[in-house]
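Trainee: model_2.txt is the file, holding compact mmCIF, C-alpha atoms:
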```txt
# COMPACT_ATOMS: atom_id res chain seq x y z
CA MET A 1 7.23 -7.60 9.34
CA HIS A 2 3.67 -6.74 10.27
CA ASN A 3 3.35 -4.10 7.55
CA THR A 4 4.41 -6.42 4.69
CA ARG A 5 0.96 -6.48 3.09
CA LEU A 6 0.66 -2.71 3.34
CA LEU A 7 4.03 -2.24 1.66
CA LEU A 8 3.08 -4.61 -1.15
CA ALA A 9 -0.18 -2.75 -1.59
CA ALA A 10 1.68 0.54 -1.71
CA ILE A 11 3.98 -0.77 -4.40
CA ALA A 12 1.04 -1.97 -6.48
CA ALA A 13 -0.87 1.29 -6.03
CA ALA A 14 2.11 3.42 -6.96
CA MET A 15 2.79 1.33 -10.04
CA ILE A 16 -0.79 1.83 -11.21
CA SER A 17 -0.43 5.61 -11.06
CA ALA A 18 3.17 6.01 -12.19
CA THR A 19 3.72 3.30 -14.80
CA PRO A 20 2.10 4.04 -18.19
CA VAL A 21 2.23 0.44 -19.40
CA LEU A 22 0.27 -0.96 -16.47
CA ALA A 23 -3.50 -1.21 -16.75
CA GLN A 24 -5.84 -0.69 -13.80
CA THR A 25 -7.96 -3.69 -12.94
CA ALA A 26 -9.62 -4.14 -9.58
CA SER A 27 -9.26 -0.46 -8.71
CA SER A 28 -10.97 0.77 -11.90
CA PRO A 29 -13.88 3.15 -11.26
CA LYS A 30 -17.52 2.25 -11.73
CA TRP A 31 -18.47 3.54 -15.15
CA PHE A 32 -21.71 5.37 -15.82
CA VAL A 33 -24.28 3.13 -17.50
CA PRO A 34 -26.87 4.97 -19.65
CA LYS A 35 -30.52 4.28 -18.91
CA THR A 36 -32.16 1.82 -21.25
CA ALA A 37 -34.87 3.04 -23.60
CA ALA A 38 -38.49 2.29 -22.76
CA ALA A 39 -39.94 -0.89 -24.28
CA PRO A 40 -42.16 -0.39 -27.39
CA SER A 41 -45.87 -0.01 -26.72
CA GLY A 42 -47.74 -3.25 -26.72
CA THR A 43 -44.77 -5.23 -25.45
CA ALA A 44 -45.50 -7.01 -22.23
CA ALA A 45 -43.04 -6.38 -19.44
CA PRO A 46 -41.76 -9.45 -17.56
CA ALA A 47 -43.29 -9.94 -14.15
CA GLN A 48 -41.54 -11.14 -11.03
CA GLY A 49 -43.94 -13.08 -8.86
CA ARG A 50 -47.17 -11.09 -8.63
CA GLN A 51 -45.47 -7.70 -9.02
CA ALA A 52 -44.98 -6.30 -12.52
CA ALA A 53 -41.75 -4.54 -13.47
CA ALA A 54 -41.55 -0.83 -12.74
CA PRO A 55 -42.06 1.51 -15.69
CA ALA A 56 -38.97 2.76 -17.48
CA ALA A 57 -37.42 5.88 -15.95
CA GLN A 58 -37.67 9.18 -17.75
CA THR A 59 -34.49 10.23 -19.56
CA THR A 60 -34.77 13.80 -18.24
CA GLN A 61 -34.89 14.31 -14.50
CA ILE A 62 -37.23 16.90 -13.03
CA GLY A 63 -35.50 20.13 -12.17
CA LEU A 64 -32.48 19.77 -14.44
CA PRO A 65 -31.72 22.51 -16.97
CA PRO A 66 -31.90 21.66 -20.69
CA LEU A 67 -29.04 19.40 -21.69
CA PRO A 68 -26.58 20.76 -24.28
CA ASN A 69 -26.56 19.45 -27.80
CA LEU A 70 -23.66 17.11 -28.33
CA PRO A 71 -21.39 18.08 -31.22
CA GLN A 72 -20.33 15.55 -33.81
CA ILE A 73 -17.00 13.98 -32.95
CA PRO A 74 -14.68 13.51 -35.93
CA GLN A 75 -13.53 10.02 -36.70
CA GLY A 76 -10.32 9.24 -34.85
CA THR A 77 -7.57 6.78 -35.49
CA SER A 78 -7.81 3.25 -34.12
CA PRO A 79 -5.54 2.35 -31.19
CA PRO A 80 -2.63 0.01 -31.85
CA ALA A 81 -3.12 -3.71 -31.61
CA ALA A 82 -2.87 -4.88 -28.02
CA VAL A 83 0.32 -6.71 -27.07
CA ILE A 84 -0.34 -7.90 -23.54
CA GLY A 85 1.98 -8.88 -20.74
CA VAL A 86 1.17 -10.32 -17.31
CA LEU A 87 2.99 -9.45 -14.08
CA ASP A 88 2.86 -11.05 -10.63
CA VAL A 89 3.88 -8.01 -8.58
CA GLU A 90 3.76 -9.72 -5.19
CA GLY A 91 5.76 -12.68 -6.48
CA VAL A 92 8.41 -10.40 -7.94
CA VAL A 93 8.74 -8.39 -4.73
CA ARG A 94 8.93 -11.48 -2.53
CA SER A 95 11.68 -12.93 -4.70
CA SER A 96 13.70 -9.73 -4.42
CA THR A 97 16.85 -10.26 -2.37
CA ALA A 98 16.75 -6.60 -1.37
CA TYR A 99 13.17 -6.88 -0.12
CA VAL A 100 13.87 -10.09 1.82
CA ALA A 101 16.83 -8.39 3.53
CA VAL A 102 14.71 -5.36 4.43
CA GLN A 103 11.92 -7.57 5.72
CA ASN A 104 14.30 -9.56 7.95
CA GLU A 105 15.92 -6.41 9.31
CA MET A 106 12.59 -4.76 10.13
CA ARG A 107 11.37 -7.94 11.82
CA ALA A 108 14.50 -7.99 13.96
CA ARG A 109 13.99 -4.36 14.95
CA GLU A 110 10.35 -4.96 15.79
CA ALA A 111 11.26 -8.01 17.88
CA LYS A 112 13.81 -5.96 19.84
CA LEU A 113 11.26 -3.20 20.40
CA GLN A 114 8.71 -5.74 21.61
CA ALA A 115 11.24 -7.29 23.99
CA ASP A 116 12.18 -3.88 25.40
CA ALA A 117 8.50 -3.00 25.89
CA GLN A 118 7.87 -6.26 27.74
CA ALA A 119 10.92 -5.68 29.94
CA ALA A 120 9.61 -2.22 30.76
CA GLN A 121 6.27 -3.73 31.79
CA SER A 122 8.09 -5.94 34.26
CA VAL A 123 9.92 -2.92 35.69
CA TYR A 124 6.63 -1.06 36.14
CA ALA A 125 5.12 -4.03 37.92
CA ASP A 126 8.09 -4.23 40.32
CA MET A 127 7.93 -0.49 41.02
CA LYS A 128 4.23 -0.66 41.79
CA GLN A 129 4.66 -3.68 44.03
CA LYS A 130 7.45 -2.02 46.01
CA LEU A 131 5.32 1.07 46.42
CA LEU A 132 2.44 -1.09 47.58
CA ASP A 133 4.69 -2.75 50.16
CA GLN A 134 5.92 0.64 51.43
CA GLN A 135 2.63 2.48 51.48
CA LYS A 136 2.11 1.93 55.21
CA THR A 137 5.41 3.66 55.95
CA LEU A 138 4.86 6.61 53.63
CA THR A 139 2.92 9.78 54.13
CA ALA A 140 0.07 10.60 51.79
CA ASN A 141 2.21 13.24 50.10
CA GLU A 142 5.12 10.83 49.61
CA LEU A 143 2.80 8.17 48.23
CA SER A 144 1.28 10.65 45.80
CA GLN A 145 4.71 11.83 44.62
CA ARG A 146 5.97 8.31 44.00
CA ASN A 147 2.79 7.38 42.17
CA ALA A 148 3.23 10.43 39.98
CA ALA A 149 6.86 9.49 39.32
CA ILE A 150 5.82 6.00 38.18
CA SER A 151 3.12 7.43 35.92
CA GLU A 152 5.59 9.90 34.42
CA ARG A 153 8.10 7.08 33.80
CA ILE A 154 5.45 5.02 32.04
CA ALA A 155 4.31 7.97 29.90
CA ASN A 156 7.86 8.83 28.87
CA ASP A 157 8.68 5.22 27.99
CA GLU A 158 5.46 4.93 26.00
CA ALA A 159 6.38 7.99 23.96
CA THR A 160 9.85 6.56 23.39
CA PHE A 161 8.48 3.22 22.22
CA LYS A 162 6.04 4.92 19.86
CA ALA A 163 8.86 7.02 18.38
CA ARG A 164 11.00 3.90 17.91
CA ASP A 165 8.12 2.08 16.23
CA GLN A 166 7.54 5.01 13.87
CA ARG A 167 11.21 5.08 12.94
CA ILE A 168 11.09 1.37 12.16
CA GLN A 169 8.14 1.95 9.86
CA ASP A 170 9.85 4.93 8.25
CA ALA A 171 13.03 2.93 7.68
CA GLY A 172 11.05 0.11 6.10
CA ASN A 173 9.18 2.48 3.83
CA TYR A 174 12.38 4.31 2.82
CA SER A 175 14.02 1.00 1.93
CA VAL A 176 11.04 -0.39 0.01
CA ASP A 177 10.57 2.90 -1.87
CA GLN A 178 13.96 2.28 -3.47
CA ILE A 179 12.77 -1.12 -4.69
CA GLN A 180 9.54 0.40 -5.96
CA GLU A 181 11.31 3.05 -8.03
CA VAL A 182 13.62 0.55 -9.71
CA LEU A 183 10.85 -2.01 -10.21
CA GLN A 184 8.71 0.50 -12.11
CA ARG A 185 11.53 1.20 -14.55
CA ILE A 186 12.36 -2.47 -15.03
CA VAL A 187 8.73 -3.32 -15.81
CA GLN A 188 8.72 -0.59 -18.45
CA GLN A 189 11.96 -1.81 -20.00
CA VAL A 190 10.95 -5.47 -20.05
CA ALA A 191 7.56 -4.62 -21.54
CA GLN A 192 9.17 -2.45 -24.22
CA SER A 193 11.68 -5.18 -25.05
CA HIS A 194 8.73 -7.43 -25.94
CA ASN A 195 6.82 -4.61 -27.69
CA MET A 196 4.11 -4.88 -25.04
CA ASN A 197 1.81 -1.91 -24.71
CA ILE A 198 -0.43 -3.32 -21.96
CA VAL A 199 0.67 -5.09 -18.77
CA LEU A 200 -1.97 -6.62 -16.52
CA TYR A 201 -1.64 -7.78 -12.96
CA GLN A 202 -1.70 -11.56 -12.74
CA THR A 203 -4.61 -11.41 -10.29
CA ALA A 204 -6.76 -9.93 -13.07
CA VAL A 205 -6.06 -12.77 -15.51
CA VAL A 206 -8.38 -15.76 -15.38
CA LEU A 207 -6.78 -17.68 -18.23
CA GLY A 208 -3.65 -16.92 -20.21
CA ASP A 209 -0.69 -18.52 -21.93
CA PRO A 210 2.47 -18.57 -19.75
CA GLY A 211 4.28 -16.80 -22.58
CA PHE A 212 2.53 -13.57 -21.63
CA ASN A 213 4.00 -13.63 -18.12
CA ILE A 214 7.08 -11.44 -17.67
CA SER A 215 7.36 -11.91 -13.89
CA ALA A 216 10.43 -14.17 -13.97
CA GLN A 217 12.36 -11.82 -16.23
CA VAL A 218 11.39 -8.79 -14.16
CA ALA A 219 12.46 -10.54 -10.95
CA GLN A 220 15.79 -11.55 -12.47
CA GLU A 221 16.49 -8.02 -13.69
CA LEU A 222 15.50 -6.57 -10.32
CA ASN A 223 17.92 -8.79 -8.41
CA GLN A 224 20.72 -7.99 -10.83
CA VAL A 225 20.18 -4.24 -10.80
CA LEU A 226 19.26 -3.87 -7.12
CA PRO A 227 20.53 -6.79 -4.99
CA THR A 228 20.52 -4.57 -1.88
CA VAL A 229 19.15 -1.19 -0.83
CA LEU A 230 20.24 1.52 1.56
CA VAL A 231 18.65 0.82 4.96
CA PRO A 232 18.78 3.58 7.60
CA PRO A 233 20.41 2.46 10.87
CA ASP A 234 18.11 1.51 13.69
CA GLY A 235 16.92 4.45 15.76
CA VAL A 236 17.96 7.27 13.44
CA ASP A 237 15.61 9.89 12.05
CA VAL A 238 14.94 8.67 8.52
CA ALA A 239 14.24 12.11 7.05
CA ALA A 240 17.55 13.46 8.38
CA PHE A 241 19.34 10.34 7.18
CA ALA A 242 17.88 10.73 3.68
CA ARG A 243 18.87 14.41 3.49
CA ALA A 244 22.41 13.64 4.61
CA HIS A 245 22.74 10.84 2.07
CA GLN A 246 21.45 13.07 -0.74
CA ALA A 247 23.93 15.75 0.25
CA ARG A 248 26.81 13.27 0.14
CA ALA A 249 25.63 11.88 -3.19
CA GLY A 250 25.41 15.39 -4.66
CA LYS A 251 29.05 16.18 -3.96
```
I need this file expressed as structure tokens, please.

Mentor:
Amino acid sequence: MHNTRLLLAAIAAAMISATPVLAQTASSPKWFVPKTAAAPSGTAAPAQGRQAAAPAAQTTQIGLPPLPNLPQIPQGTSPPAAVIGVLDVEGVVRSSTAYVAVQNEMRAREAKLQADAQAAQSVYADMKQKLLDQQKTLTANELSQRNAAISERIANDEATFKARDQRIQDAGNYSVDQIQEVLQRIVQQVAQSHNMNIVLYQTAVVLGDPGFNISAQVAQELNQVLPTVLVPPDGVDVAAFARAHQARAGK
């Protein structure tokens, strides 16, 4: 499935924003770094080559209004001791039986769409060749009309193929969203069962004891709780399918 990486990235991004126990790593913002104070007078500044270091910047920029006085902040309580877990999100998703089934189904649909598009190209080529062979026997008006008919056929088929491709993507996203929702809850439960209050992505950990890694347990729970997901049939409108399923479930 050509959008596998995008789906994995979507899962990771959604878990960052929706799961309290997960800590942001690579996507963390650049923090503001205060300007350093000027060196004491008489202290030589290091030189680079023949050019001396630039003088320290002023702490107040020209044109800014006076800065407010900062109030004293009362002493707060210390945060709890960190109990850290490590999670390989991509590994967990790839070991999901539900995700593998969705991936295989979407690949099959994409392969069928590609085959149909290639077959259509062959049809267009035959139509154009036949028209080329008949052009000496056709009037200018007839030739123009048949050319227009071929162009209209190609445009209509192109729109149909694009709509089919979009429905494949929508079906894949609908199916993977189900995995994402359950995965978020399982990560929370597994972390809480170990009294973990911080869970880091494995890609952010340079060195760590394997005992911190909860990926295997999360994957096992995910396959037990959600071995399969609801996949919309090929070619249906996913939004309408989802509404109909919600209506049936609400009865």

Trainee: Listing only residues of range 145-222 of chain A within 9 Å of range 124-138 of chain A, what is the closest atom pair and its distance in Å (to one decimal) for each, using only C-alpha atoms, sorted by chain and residue number ascending, as CSV?

Mentor:
```
residue,atom,partner,partner_atom,distance
A:Arg146,CA,A:Leu131,CA,7.7
A:Asn147,CA,A:Leu131,CA,8.0
A:Ile150,CA,A:Met127,CA,7.4
A:Arg153,CA,A:Tyr124,CA,8.6
A:Ile154,CA,A:Tyr124,CA,7.4
```

Trainee: What's the separation between CA of Ala216 in chain A and CA of Ala171 in chain A, in Å to one decimal place?

Mentor: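 Spanning CA of Ala216 in chain A to CA of Ala171 in chain A is a straight-line distance of 27.7 Å.
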
Trainee: Restricting the calculation to all atoms listed in the file: of A:Gly76, A:Gly235, A:Gly250, A:Pro227, which residue gets closest to Ile179 in chain A?

Mentor: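 Result for the nearest residue to Ile179 in chain A: A:Pro227.
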
Trainee: Kindly give the distance, in Å, that separates CA of Val236 in chain A and CA of Gly172 in chain A, rounded to a single decimal.

Mentor: 12.4 Å

Trainee: Would you mind reading off the distance between CA of Tyr201 in chain A and CA of Val86 in chain A, one decimal, in Å?

Mentor: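 Separating CA of Tyr201 in chain A from CA of Val86 in chain A is a distance of 5.8 Å.
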
Trainee: Any idea what's packed within 7 Å of Met106 in chain A, counting only C-alpha atoms, ignoring anything in its chain fewer than 3 positions away? Could you give it as a compact mmCIF listing (two decimals) with C-alpha atoms, keeping the file's coordinate frame?

Mentor:
```
# COMPACT_ATOMS: atom_id res chain seq x y z
CA MET A 1 7.23 -7.60 9.34
CA VAL A 102 14.71 -5.36 4.43
CA GLN A 103 11.92 -7.57 5.72
CA ARG A 109 13.99 -4.36 14.95
CA GLU A 110 10.35 -4.96 15.79
CA ILE A 168 11.09 1.37 12.16
CA GLY A 172 11.05 0.11 6.10
```
